[in-house]
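First the structure, in the form of structure tokens, and then the observations on it.
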Amino acid sequence: MRVIVLSRRRSGEVNLLQLKDLKMNVKERHVMRGSDELKLSPTGYRILEVLLRATPNPISREDLIQKVWGDEQPDTNSLKVHMFKLRHALDDNYEEKLLQTIKNFGFVLK
């Protein structure tokens with residue numbers, strides 16, 4: 001077991017991503033903000049995972065699209081719609097807003 005745990009650590013495979021009161025258990029596909037469980041679509045979950053892995057660095061729209069959709073580019077409004085829904089799930093009920101837009105660049109979690 002110890003070898004498996006160490007190999008995961010070395011390979012960069014992380015099961016728990018966290019920023020302030022936001023926690024994502026990648027292995028169980030479970031997201032919590034404080035004591036609330038967040039219900040995300042599969043695409044919203046993937047977007048959040050990419051943003052959390054990039055934190056504290058911002059990620060450009062182009063990089064985010066590439067990491068979430070790969071070579072199958074989404075419709076022009078698809079990212080905007082998913083970010084709206086993610087922002088609603090992530091920040092609406094909280095005073096501190098984590099998801100921020102960087103004008104003419106992309107997004108960051110702070």
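By convention in this document, the chains of the structure tokens carry letters A, B, ... by their order, each chain's residues are numbered from 1, and ligands are numbered from 1 in the order they are shown.
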
Can you check which parts of range 24-59 of chain A lie within 10 Å of range 78-91 of chain A? Per residue, the shortest pair of atoms and distance in Å to one decimal, counting only C-alpha atoms, sorted by chain and number, as a tab-separated table.
```
residue	atom	partner	partner_atom	distance
A:Val31	CA	A:Leu90	CA	9.8
A:Met32	CA	A:Leu90	CA	9.3
A:Arg33	CA	A:Leu90	CA	7.4
A:Glu37	CA	A:Ala89	CA	9.8
A:Leu38	CA	A:Ala89	CA	6.5
A:Lys39	CA	A:Ala89	CA	7.3
A:Leu40	CA	A:Leu86	CA	7.3
A:Ser41	CA	A:Leu86	CA	8.8
A:Thr43	CA	A:His82	CA	7.4
A:Gly44	CA	A:Leu86	CA	5.9
A:Tyr45	CA	A:Leu86	CA	8.4
A:Ile47	CA	A:Met83	CA	8.2
A:Leu48	CA	A:Leu86	CA	7.8
```

Mind dumping the selected residues with all heavy atoms as a CSV table (one decimal), in the first residue's frame?
```csv
chain,number,residue,atom,x,y,z
A,31,VAL,N,-17.9,17.4,-4.7
A,31,VAL,CA,-17.4,18.7,-4.5
A,31,VAL,C,-18.2,19.4,-3.3
A,31,VAL,O,-19.4,19.3,-3.3
A,31,VAL,CB,-17.6,19.6,-5.8
A,31,VAL,CG1,-17.2,21.0,-5.5
A,31,VAL,CG2,-16.9,19.0,-7.0
A,32,MET,N,-17.5,20.0,-2.4
A,32,MET,CA,-18.1,20.6,-1.3
A,32,MET,C,-17.6,22.1,-1.2
A,32,MET,O,-16.4,22.4,-1.5
A,32,MET,CB,-17.7,19.9,0.0
A,32,MET,CG,-18.1,18.5,0.2
A,32,MET,SD,-19.9,18.3,0.5
A,32,MET,CE,-20.0,18.9,2.1
A,33,ARG,N,-18.5,23.0,-0.8
A,33,ARG,CA,-18.1,24.3,-0.5
A,33,ARG,C,-18.6,24.6,0.9
A,33,ARG,O,-19.8,24.6,1.2
A,33,ARG,CB,-18.7,25.3,-1.5
A,33,ARG,CG,-18.5,26.8,-1.1
A,33,ARG,CD,-17.5,27.5,-1.9
A,33,ARG,NE,-17.0,28.7,-1.3
A,33,ARG,CZ,-17.2,29.9,-1.8
A,33,ARG,NH1,-17.9,30.1,-3.0
A,33,ARG,NH2,-16.8,31.0,-1.2
A,37,GLU,N,-22.8,20.5,-0.3
A,37,GLU,CA,-22.4,19.7,-1.5
A,37,GLU,C,-22.9,20.4,-2.7
A,37,GLU,O,-24.0,20.8,-2.9
A,37,GLU,CB,-23.0,18.3,-1.4
A,37,GLU,CG,-22.6,17.4,-2.6
A,37,GLU,CD,-23.1,16.0,-2.5
A,37,GLU,OE1,-23.8,15.7,-1.5
A,37,GLU,OE2,-22.9,15.2,-3.5
A,38,LEU,N,-22.0,20.5,-3.7
A,38,LEU,CA,-22.3,21.2,-5.0
A,38,LEU,C,-22.7,20.2,-6.0
A,38,LEU,O,-22.0,19.2,-6.2
A,38,LEU,CB,-21.1,22.1,-5.5
A,38,LEU,CG,-20.6,23.1,-4.5
A,38,LEU,CD1,-19.5,23.9,-5.1
A,38,LEU,CD2,-21.7,24.1,-4.0
A,39,LYS,N,-23.8,20.4,-6.7
A,39,LYS,CA,-24.2,19.6,-7.8
A,39,LYS,C,-23.8,20.2,-9.1
A,39,LYS,O,-24.2,21.3,-9.4
A,39,LYS,CB,-25.7,19.4,-7.8
A,39,LYS,CG,-26.3,18.9,-6.5
A,39,LYS,CD,-25.9,17.4,-6.3
A,39,LYS,CE,-26.6,16.8,-5.1
A,39,LYS,NZ,-26.1,15.6,-4.7
A,40,LEU,N,-22.9,19.5,-9.8
A,40,LEU,CA,-22.3,20.1,-11.0
A,40,LEU,C,-22.6,19.1,-12.2
A,40,LEU,O,-22.6,17.9,-12.0
A,40,LEU,CB,-20.8,20.3,-10.9
A,40,LEU,CG,-20.3,21.2,-9.8
A,40,LEU,CD1,-18.8,21.2,-9.7
A,40,LEU,CD2,-20.9,22.6,-10.0
A,41,SER,N,-22.7,19.7,-13.4
A,41,SER,CA,-22.8,18.8,-14.6
A,41,SER,C,-21.4,18.2,-14.8
A,41,SER,O,-20.4,18.7,-14.3
A,41,SER,CB,-23.2,19.7,-15.8
A,41,SER,OG,-22.1,20.6,-16.1
A,43,THR,N,-19.5,18.5,-17.3
A,43,THR,CA,-18.6,19.5,-17.9
A,43,THR,C,-18.3,20.6,-16.9
A,43,THR,O,-17.1,21.0,-16.8
A,43,THR,CB,-19.3,20.2,-19.1
A,43,THR,OG1,-19.7,19.2,-20.1
A,43,THR,CG2,-18.4,21.2,-19.8
A,44,GLY,N,-19.2,21.0,-16.1
A,44,GLY,CA,-18.9,21.9,-15.0
A,44,GLY,C,-17.9,21.4,-14.0
A,44,GLY,O,-17.0,22.1,-13.6
A,45,TYR,N,-18.0,20.1,-13.7
A,45,TYR,CA,-17.0,19.4,-12.8
A,45,TYR,C,-15.7,19.4,-13.5
A,45,TYR,O,-14.7,19.8,-12.8
A,45,TYR,CB,-17.5,18.0,-12.6
A,45,TYR,CG,-16.6,17.2,-11.7
A,45,TYR,CD1,-16.7,17.2,-10.3
A,45,TYR,CD2,-15.5,16.5,-12.2
A,45,TYR,CE1,-15.9,16.5,-9.5
A,45,TYR,CE2,-14.6,15.8,-11.4
A,45,TYR,CZ,-14.8,15.8,-10.0
A,45,TYR,OH,-13.9,15.2,-9.2
A,47,ILE,N,-14.5,21.5,-15.7
A,47,ILE,CA,-14.0,22.9,-15.8
A,47,ILE,C,-13.4,23.3,-14.4
A,47,ILE,O,-12.3,23.8,-14.3
A,47,ILE,CB,-15.1,23.9,-16.2
A,47,ILE,CG1,-15.4,23.7,-17.7
A,47,ILE,CG2,-14.7,25.4,-15.9
A,47,ILE,CD1,-16.7,24.5,-18.1
A,48,LEU,N,-14.2,23.0,-13.3
A,48,LEU,CA,-13.7,23.3,-12.0
A,48,LEU,C,-12.4,22.5,-11.7
A,48,LEU,O,-11.5,23.1,-11.1
A,48,LEU,CB,-14.8,22.9,-11.0
A,48,LEU,CG,-14.5,23.2,-9.5
A,48,LEU,CD1,-14.1,24.7,-9.3
A,48,LEU,CD2,-15.6,22.8,-8.6
```

Could you give me, as JSON, numbers by chain, each residue of chain A that DSSP assigns to helix (DSSP H, G or I) when run on this structure's backbone? {"A": [2, 3, 4, 5, 6, 7, 8, 9, 10, 11, 42, 43, 44, 45, 46, 47, 48, 49, 50, 51, 52, 53, 54, 61, 62, 63, 64, 65, 66, 67, 68, 69, 78, 79, 80, 81, 82, 83, 84, 85, 86, 87, 88, 89, 90, 91]}

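Rounded to one decimal, CA of Asn25 in chain A and CA of Ile102 in chain A lie 26.4 Å from each other.
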
Return as CSV the residues of range 6-51 of chain A lying at most 10 Å from range 59-64 of chain A, together with the closest atom-to-atom pair for each and the distance in Å to one decimal, counting only C-alpha atoms, with rows in chain order and ascending residue number.
```
residue,atom,partner,partner_atom,distance
A:Arg46,CA,A:Leu64,CA,9.8
A:Ile47,CA,A:Leu64,CA,7.3
A:Val50,CA,A:Leu64,CA,7.2
A:Leu51,CA,A:Ile59,CA,7.2
```

Considering only C-alpha atoms, state which residue in the set A:Tyr94, A:Glu49, A:Ile65, A:Val14 is at the smallest distance from Asp36 in chain A. A:Tyr94

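Every residue of chain A found in strand (DSSP E or B) when DSSP is run on the backbone appears here: A:Leu16, A:Leu17, A:Gln18, A:Leu19, A:Leu22, A:Lys23, A:Met24, A:Asn25, A:His30, A:Val31, A:Met32, A:Arg33, A:Asp36, A:Glu37, A:Ile59, A:Ser60, A:Leu99, A:Gln100, A:Thr101, A:Ile102, A:Gly106, A:Phe107, A:Val108, A:Leu109.
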
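The two atoms in question, CA of Pro58 in chain A and CA of Ser35 in chain A, are spaced 26.3 Å apart.
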
A straight line from CA of Leu52 in chain A to CA of Asn104 in chain A spans 20.3 Å

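Nearest residue to Leu99 in chain A, choosing from A:Leu22, A:Trp69, A:Leu17, A:Asn77 and counting only C-alpha atoms: A:Leu22.
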
Identify, on the basis of only C-alpha atoms, every residue whose closest approach to Gln100 in chain A does not exceed 9 Å; exclude the query and any residue fewer than 3 positions from it along the same chain; express the result as a PyMOL selection string. chain A and resi 87+97+106-110
